[in-house]
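K.L.:
Before anything else, here's the structure in question.
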Amino acid sequence: MEELINTLKLQIIDALNLEGMTPDEIGNDDPLFGEGLGLDSIDALELIVILDKNYGIKLASPAEGKTVFKSVATIADYVSKHRTK
Amino acid sequence: MGDTIGITGLGIICAIGNNTGEVLGSLLAKRSGIGPMKYLPSLHTEIPVGEIKLSTEEMKAMLGVDEPLASRTALMGAIAVREALSNAGIRDISGKRVALVSGTTVGVMDVTEEQFEKLGGADPGIPHGNECGKSTLDTARYAGIGGVPCCTISTACSSALNTIMVGADMLLRDEADIVIAGGTEGLSKFHLNGFNTLMILDRERCRPFDDTRAGLNLGEGAAYVVLEKNVSGALAYVNGYSNHCDAFHQTATSPDGDGAFLAMTGALRQAGLRPEDIQYINAHGTGTPDNDASEGNAFHRVFGDRLPEMSSTKSYTGHTTSASGSIEAVICVLAMRNGFTPASLGWSHPIPGGVIPTPGHTGVHLENVMCNAFGFGGNDSSMIFGQHPHPLESGNTYGIREVARTRVDTDEALSGLLEFYTPMEARRMCKLMKASLLSAFRAMREAGIPCPDAIISATPKGMLETSNLFLADIVANKEQLLKPTLFMMCTHNTISSAIAIRTKCHGYNCTYSQGEDSTFWAMRDARRLIASGEASSVLVCSFDENCREDGRTADFYAESVILLRDE
């Protein structure tokens, strides 16, 4: 799980243009949206692309991603249960 | 006092007809033009679209155009311009001052993307063909009026409605005798894939204002109106209009529809009307969960519980993006002339507490009609057409002075943006966006104006770098899993709306894209706003990239000017 979490963080840093950030700076349970990292609705769409491209997971809408995208830990949990690649 | 603006001719081509007669027939028969993709060479054949039922070659033959790289956008534009002039009974324009004001965003993108793919995306200069201004010049040429002054407005999906405002104002200021105003937008893989990354394309026919709505269907088309001053017996009159910015988000609408509310109330005020004087509203009504909820809330704020008959004709035409404002303006005039309200198709489940669109009625008298068009970046406009003329003012009361001018055109200067934006906020911005925002915020600081009354931008080629990257993404990834971050920065009005979002400027917001003349048109509009008293401070931001070949000295530049009322 630790390896998946680290990979996810690197993928998030790359896709969301979080230039200069390192995986250590994103806490596993830090909220990604709102008060936490401060991501927005476009970032949510980028996260959907990350899941589809790398793990074969298809989310139908950003609304469906709301609970999945709470933190890196919740994404990792969802990916480990639903990945098809 | 004041002059009146009459609509003396209509021209339209879209998914439900190649001319006004065919469009009227489809509206009355409640026949949608949305269906399977036939002409757009996209891999996304599962996505329904509202295409014009003519191939590019058929349109060329209709117009007698023999150019291998003619764009659908310019061809359909020319067909509609030609019909509008003929409908107005104008056969000869010699001796008259005629201008074409046209709205488009993707411009000649259908040709650009074909060339881009052929050359493997190797040449970064290719998206030059995306120049909106070129597509307007081509439209004029194909329509047989080449050489008339052309002005292109690119405020995304409100572009074409804004052209009617600018056209009306040109007549009021005696800058032209006849203005042909409207918009044209051909479908492109570029914006189909772009909207797809935003996950707002319904795989079924769209259902505006329905509780089960799941997005929009893209359409294509063109429509133009002929505008003339102080005429009697016009088809309808332009009696009020207003342009405001939602200043909320680049691609989402504010929950309460602040921009929409300001635009509708502004149009009513100019027309001297109360909400209950409106008999029909042609809503923006895209069918996305966001737009319809927000526009519905704005309707509640303006009309209370007495909403006039309202429908979204995007259920017939699809969302024709930059052309939608004039396509729906023409539909409004057809409804007024023929005494009917167009039905909203696809509606069956009310949104709890939401607005309910009309099933359509015939035999009604429509004295005043409202037309809404909202664009990415929150560029929201509303217009009122009347059976009877209402005089409009074009004040020239106030003097103007320039108080600040700042230019950014080097890579080294861009780090200065961190004075105004955090790294987190700046992380997605392309070079041109950084340069433009930096020049704008420095100019505002120099002038001591934290939030101007109005924001206008001017750009020949728009967001070239991000458009180029998105085109490359389309080719490399075969239209699958593309980056929404790139597409959200591709519209020409990205900069003017980003400044509005940051400064919370809900005032007038417009973007011009007419080659070397872009800044001329932007400054003209800025001076008008101040001279008439509509604004006491205006920011004008001009920018372009890949411009060394134009005889300029930089790869990119952004220059911002603040104009103030001279007290």
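Chain labels follow the order of the structure tokens: the first chain is A, the next B, and so on; residue numbering restarts at 1 in every chain, and ligands are counted from 1 in their shown order.
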Show which residues sit within 6 Å of B:Ile400, as a PDB file with C-alpha atoms, in the first residue's frame. Count only C-alpha atoms, and ignore same-chain residues fewer than 6 positions away.

P.N.:
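Everything below was put into out.pdb:
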ATOM      1  CA  LEU B 564     -10.110  56.504 -16.526  1.00  0.00           C
ATOM      2  CA  ARG B 565     -12.930  59.009 -16.821  1.00  0.00           C
ATOM      3  CA  ASP B 566     -11.391  62.485 -16.901  1.00  0.00           C
TER       4      ASP B 566
END

K.L.:
Using 8 Å as the limit and counting only C-alpha atoms, can you tabulate each residue of chain A that touches chain B, with its shortest atom-to-atom distance in Å and the two atoms involved, as JSON lines?

P.N.:
{"residue": "A:Leu16", "atom": "CA", "partner": "B:Arg428", "partner_atom": "CA", "distance": 7.6}
{"residue": "A:Asn17", "atom": "CA", "partner": "B:Arg427", "partner_atom": "CA", "distance": 5.7}
{"residue": "A:Leu18", "atom": "CA", "partner": "B:Arg427", "partner_atom": "CA", "distance": 6.3}
{"residue": "A:Glu19", "atom": "CA", "partner": "B:Arg427", "partner_atom": "CA", "distance": 6.8}
{"residue": "A:Ile42", "atom": "CA", "partner": "B:Thr485", "partner_atom": "CA", "distance": 6.5}
{"residue": "A:Asp43", "atom": "CA", "partner": "B:Thr485", "partner_atom": "CA", "distance": 7.8}
{"residue": "A:Leu45", "atom": "CA", "partner": "B:Pro484", "partner_atom": "CA", "distance": 6.8}
{"residue": "A:Glu46", "atom": "CA", "partner": "B:Pro484", "partner_atom": "CA", "distance": 6.7}
{"residue": "A:Val49", "atom": "CA", "partner": "B:Leu481", "partner_atom": "CA", "distance": 5.8}
{"residue": "A:Asp52", "atom": "CA", "partner": "B:Leu481", "partner_atom": "CA", "distance": 7.6}
{"residue": "A:Lys53", "atom": "CA", "partner": "B:Leu481", "partner_atom": "CA", "distance": 6.9}
{"residue": "A:Ser61", "atom": "CA", "partner": "B:Met199", "partner_atom": "CA", "distance": 6.8}

K.L.:
Measure the distance from atom CA of B:Ser532 to atom CA of B:Asp517 in Å and round it to one decimal.

P.N.:
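Between these atoms lies a distance of 22.7 Å.
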
K.L.:
From a DSSP pass on the backbone, collect the residues of stretch 30-268 of chain B flagged as helix (DSSP H, G or I) and hand them back as an MDAnalysis selection string.

P.N.:
chainID B and resid 56:63 72:87 109:118 126:130 132:142 156:172 189:197 258:268

K.L.:
Out of B:Glu83, B:Glu67, B:Asp177, B:Asp246, which residue has the shortest atom-to-atom distance to B:Gly95 when counting only C-alpha atoms?

P.N.:
B:Asp177

K.L.:
Please provide the set of residues having any atom within 10 Å of A:Glu25, restricted to only C-alpha atoms, with same-chain residues fewer than 4 positions apart removed, written as a PyMOL selection string.

P.N.:
chain A and resi 9+21+30+37

K.L.:
Restricting it to N, CA and C atoms, dump the selection as a PDB file, in the first residue's frame.

P.N.:
ATOM      1  N   LYS A   9       1.001   9.711  -5.414  1.00  0.00           N
ATOM      2  CA  LYS A   9       1.429  11.088  -5.127  1.00  0.00           C
ATOM      3  C   LYS A   9       2.243  11.645  -6.289  1.00  0.00           C
ATOM      4  N   MET A  21       6.774  20.344  -5.638  1.00  0.00           N
ATOM      5  CA  MET A  21       6.307  19.593  -4.461  1.00  0.00           C
ATOM      6  C   MET A  21       6.917  18.203  -4.466  1.00  0.00           C
ATOM      7  N   ASP A  30      -4.251  13.923   4.420  1.00  0.00           N
ATOM      8  CA  ASP A  30      -4.587  15.352   4.223  1.00  0.00           C
ATOM      9  C   ASP A  30      -5.767  15.479   3.260  1.00  0.00           C
ATOM     10  N   LEU A  37      -5.099  20.620   0.553  1.00  0.00           N
ATOM     11  CA  LEU A  37      -4.191  20.977  -0.534  1.00  0.00           C
ATOM     12  C   LEU A  37      -4.788  22.097  -1.398  1.00  0.00           C
TER      13      LEU A  37
END

K.L.:
Could you check the closest approach to A:Thr67 for each of A:Asp14, A:Phe33, A:Tyr55, A:Glu2 and tell me which residue wins, using only C-alpha atoms?

P.N.:
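Between A:Asp14, A:Phe33, A:Tyr55, A:Glu2, the residue approaching A:Thr67 most closely is A:Phe33.
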
K.L.:
Would you mind writing down, as an MDAnalysis selection string, each residue of stretch 284-427 of chain B that DSSP on the backbone assigns to strand (DSSP E)?

P.N.:
chainID B and resid 309:311 340:341 361:362 368:375 379:386 399:408

K.L.:
Dump C-alpha atoms for the selected residues as a JSON list (two decimals), in the first residue's frame?

P.N.:
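File produced: again_1.json:
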[["chain", "number", "residue", "atom", "x", "y", "z"],
["B", 309, "GLU", "CA", -42.75, 31.09, -20.99],
["B", 310, "MET", "CA", -39.15, 29.88, -21.23],
["B", 311, "SER", "CA", -37.38, 27.27, -23.32],
["B", 340, "PHE", "CA", -45.36, 31.07, -31.19],
["B", 341, "THR", "CA", -43.17, 29.98, -28.32],
["B", 361, "HIS", "CA", -47.70, 27.39, -27.85],
["B", 362, "THR", "CA", -48.94, 28.86, -31.12],
["B", 368, "ASN", "CA", -40.96, 41.55, -25.73],
["B", 369, "VAL", "CA", -38.61, 38.60, -25.77],
["B", 370, "MET", "CA", -35.41, 37.96, -23.80],
["B", 371, "CYS", "CA", -32.42, 35.99, -25.11],
["B", 372, "ASN", "CA", -29.59, 34.75, -22.86],
["B", 373, "ALA", "CA", -26.09, 33.62, -23.82],
["B", 374, "PHE", "CA", -23.43, 32.69, -21.27],
["B", 375, "GLY", "CA", -19.83, 31.71, -21.93],
["B", 379, "ASN", "CA", -19.04, 36.03, -19.91],
["B", 380, "ASP", "CA", -22.80, 36.45, -19.48],
["B", 381, "SER", "CA", -25.02, 38.48, -21.80],
["B", 382, "SER", "CA", -28.73, 39.09, -22.13],
["B", 383, "MET", "CA", -30.69, 40.93, -24.82],
["B", 384, "ILE", "CA", -34.29, 42.09, -25.26],
["B", 385, "PHE", "CA", -36.07, 42.22, -28.62],
["B", 386, "GLY", "CA", -39.32, 44.14, -29.03],
["B", 399, "GLY", "CA", -13.38, 62.74, -21.35],
["B", 400, "ILE", "CA", -10.84, 59.93, -21.15],
["B", 401, "ARG", "CA", -7.29, 59.73, -19.84],
["B", 402, "GLU", "CA", -4.73, 56.95, -19.81],
["B", 403, "VAL", "CA", -3.17, 56.53, -16.37],
["B", 404, "ALA", "CA", -1.04, 53.39, -16.66],
["B", 405, "ARG", "CA", 0.59, 51.25, -19.33],
["B", 406, "THR", "CA", 2.72, 48.20, -18.53],
["B", 407, "ARG", "CA", 4.36, 45.65, -20.80],
["B", 408, "VAL", "CA", 5.74, 42.16, -20.08]]

K.L.:
Any idea what's packed within 7 Å of stretch 78-83 of chain A, counting only C-alpha atoms, ignoring anything in its chain fewer than 2 positions away? Could you give it as number ranges by chain?

P.N.:
A: 55-57, 68, 74-76, 85

K.L.:
Once you have the residues from the selection above, write them out as a compact mmCIF listing (two decimals), in the first residue's frame, restricted to C-alpha atoms.

P.N.:
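Output file out36.txt is given in full below:
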# COMPACT_ATOMS: atom_id res chain seq x y z
CA TYR A 55 -5.52 1.71 -13.19
CA GLY A 56 -8.35 1.09 -15.66
CA ILE A 57 -10.94 2.57 -13.29
CA VAL A 68 -12.93 8.60 -3.45
CA THR A 74 -8.84 7.03 0.23
CA ILE A 75 -7.76 7.02 -3.43
CA ALA A 76 -5.21 4.26 -2.75
CA LYS A 85 -4.60 -3.00 -14.50

K.L.:
Name the residues in contact with stretch 234-241 of chain B at a cut-off of 9 Å, using only C-alpha atoms, excluding same-chain residues fewer than 2 positions from it; report them as a compact mmCIF listing (two decimals) with C-alpha atoms, in the first residue's frame.

P.N.:
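The resulting file, result.txt, is shown below:
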# COMPACT_ATOMS: atom_id res chain seq x y z
CA THR B 4 -33.62 52.96 -32.45
CA ILE B 5 -31.97 49.80 -33.75
CA GLY B 6 -34.02 47.64 -36.08
CA ILE B 7 -33.37 44.09 -37.27
CA THR B 8 -34.10 44.19 -41.00
CA GLY B 9 -32.79 40.81 -42.11
CA LEU B 10 -32.22 37.29 -40.75
CA ASN B 162 -22.15 40.31 -27.88
CA ILE B 164 -25.27 42.42 -31.74
CA MET B 165 -24.47 44.76 -28.82
CA ALA B 168 -25.93 48.30 -32.33
CA LEU B 227 -29.02 45.93 -38.11
CA GLU B 228 -30.09 49.41 -39.25
CA VAL B 231 -36.05 52.24 -39.55
CA SER B 232 -39.80 51.66 -39.42
CA ASN B 243 -22.96 42.13 -20.59
CA ALA B 263 -27.07 40.63 -17.34
CA MET B 264 -30.86 40.09 -17.31
CA GLY B 266 -29.25 45.24 -16.94
CA ALA B 267 -31.04 44.43 -20.21
CA LEU B 268 -34.46 45.08 -18.63
CA ARG B 269 -33.24 48.43 -17.27
CA GLN B 270 -31.96 49.60 -20.65
CA ALA B 271 -35.18 48.52 -22.36
CA GLY B 272 -37.20 50.38 -19.72
CA VAL B 333 -37.37 36.99 -33.95
CA LEU B 334 -38.95 34.08 -35.86
CA MET B 336 -42.16 37.00 -32.51
CA ARG B 337 -43.00 37.30 -36.22
CA ASN B 368 -40.96 41.55 -25.73
CA SER B 381 -25.02 38.48 -21.80
CA SER B 382 -28.73 39.09 -22.13
CA MET B 383 -30.69 40.93 -24.82
CA ILE B 384 -34.29 42.09 -25.26
CA PHE B 385 -36.07 42.22 -28.62
CA GLY B 386 -39.32 44.14 -29.03
CA GLN B 387 -42.10 44.45 -31.63
CA HIS B 388 -41.88 48.22 -31.15
CA PRO B 389 -38.73 50.35 -31.06
CA HIS B 390 -37.30 51.72 -27.84
CA PRO B 391 -34.76 54.54 -28.18
CA LEU B 392 -31.22 53.83 -27.03

K.L.:
Determine the nearest neighbour of A:Asp40 from the options A:Asn28, A:Pro62, A:Val72, A:Thr7, counting only C-alpha atoms.

P.N.:
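Going through A:Asn28, A:Pro62, A:Val72, A:Thr7 one by one, the smallest distance to A:Asp40 is for A:Pro62.
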
K.L.:
Can you tell me which residues surround stretch 409-411 of chain B at a distance of at most 8 Å, considering only C-alpha atoms, apart from same-chain residues fewer than 5 positions away, and format the answer as a list in words?

P.N.:
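In the requested format, the answer is Ala435, Ala554, Asp555, Phe556, Tyr557 and Ala558 of chain B.
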
K.L.:
Take the residues from that selection and write them out as a PDB file, in the first residue's frame, keeping C-alpha atoms.

P.N.:
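The resulting result-v3.pdb:
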ATOM      1  CA  ALA B 435       2.640  37.571 -18.750  1.00  0.00           C
ATOM      2  CA  ALA B 554       9.428  39.247 -28.746  1.00  0.00           C
ATOM      3  CA  ASP B 555       8.189  35.655 -28.774  1.00  0.00           C
ATOM      4  CA  PHE B 556       5.291  36.839 -26.681  1.00  0.00           C
ATOM      5  CA  TYR B 557       4.047  40.067 -25.211  1.00  0.00           C
ATOM      6  CA  ALA B 558       1.313  41.340 -22.934  1.00  0.00           C
TER       7      ALA B 558
END

K.L.:
Find the spatial neighbours of B:Ile530, counting only C-alpha atoms, within a cut-off of 12 Å - ignore same-chain residues fewer than 5 positions away - and output them as JSON, numbers by chain.

P.N.:
{"B": [394, 395, 396, 397, 398, 399, 400, 401, 402, 452, 453, 454, 508, 523, 524, 525, 535, 536, 537, 538, 539, 562, 563, 564, 565, 566, 567]}
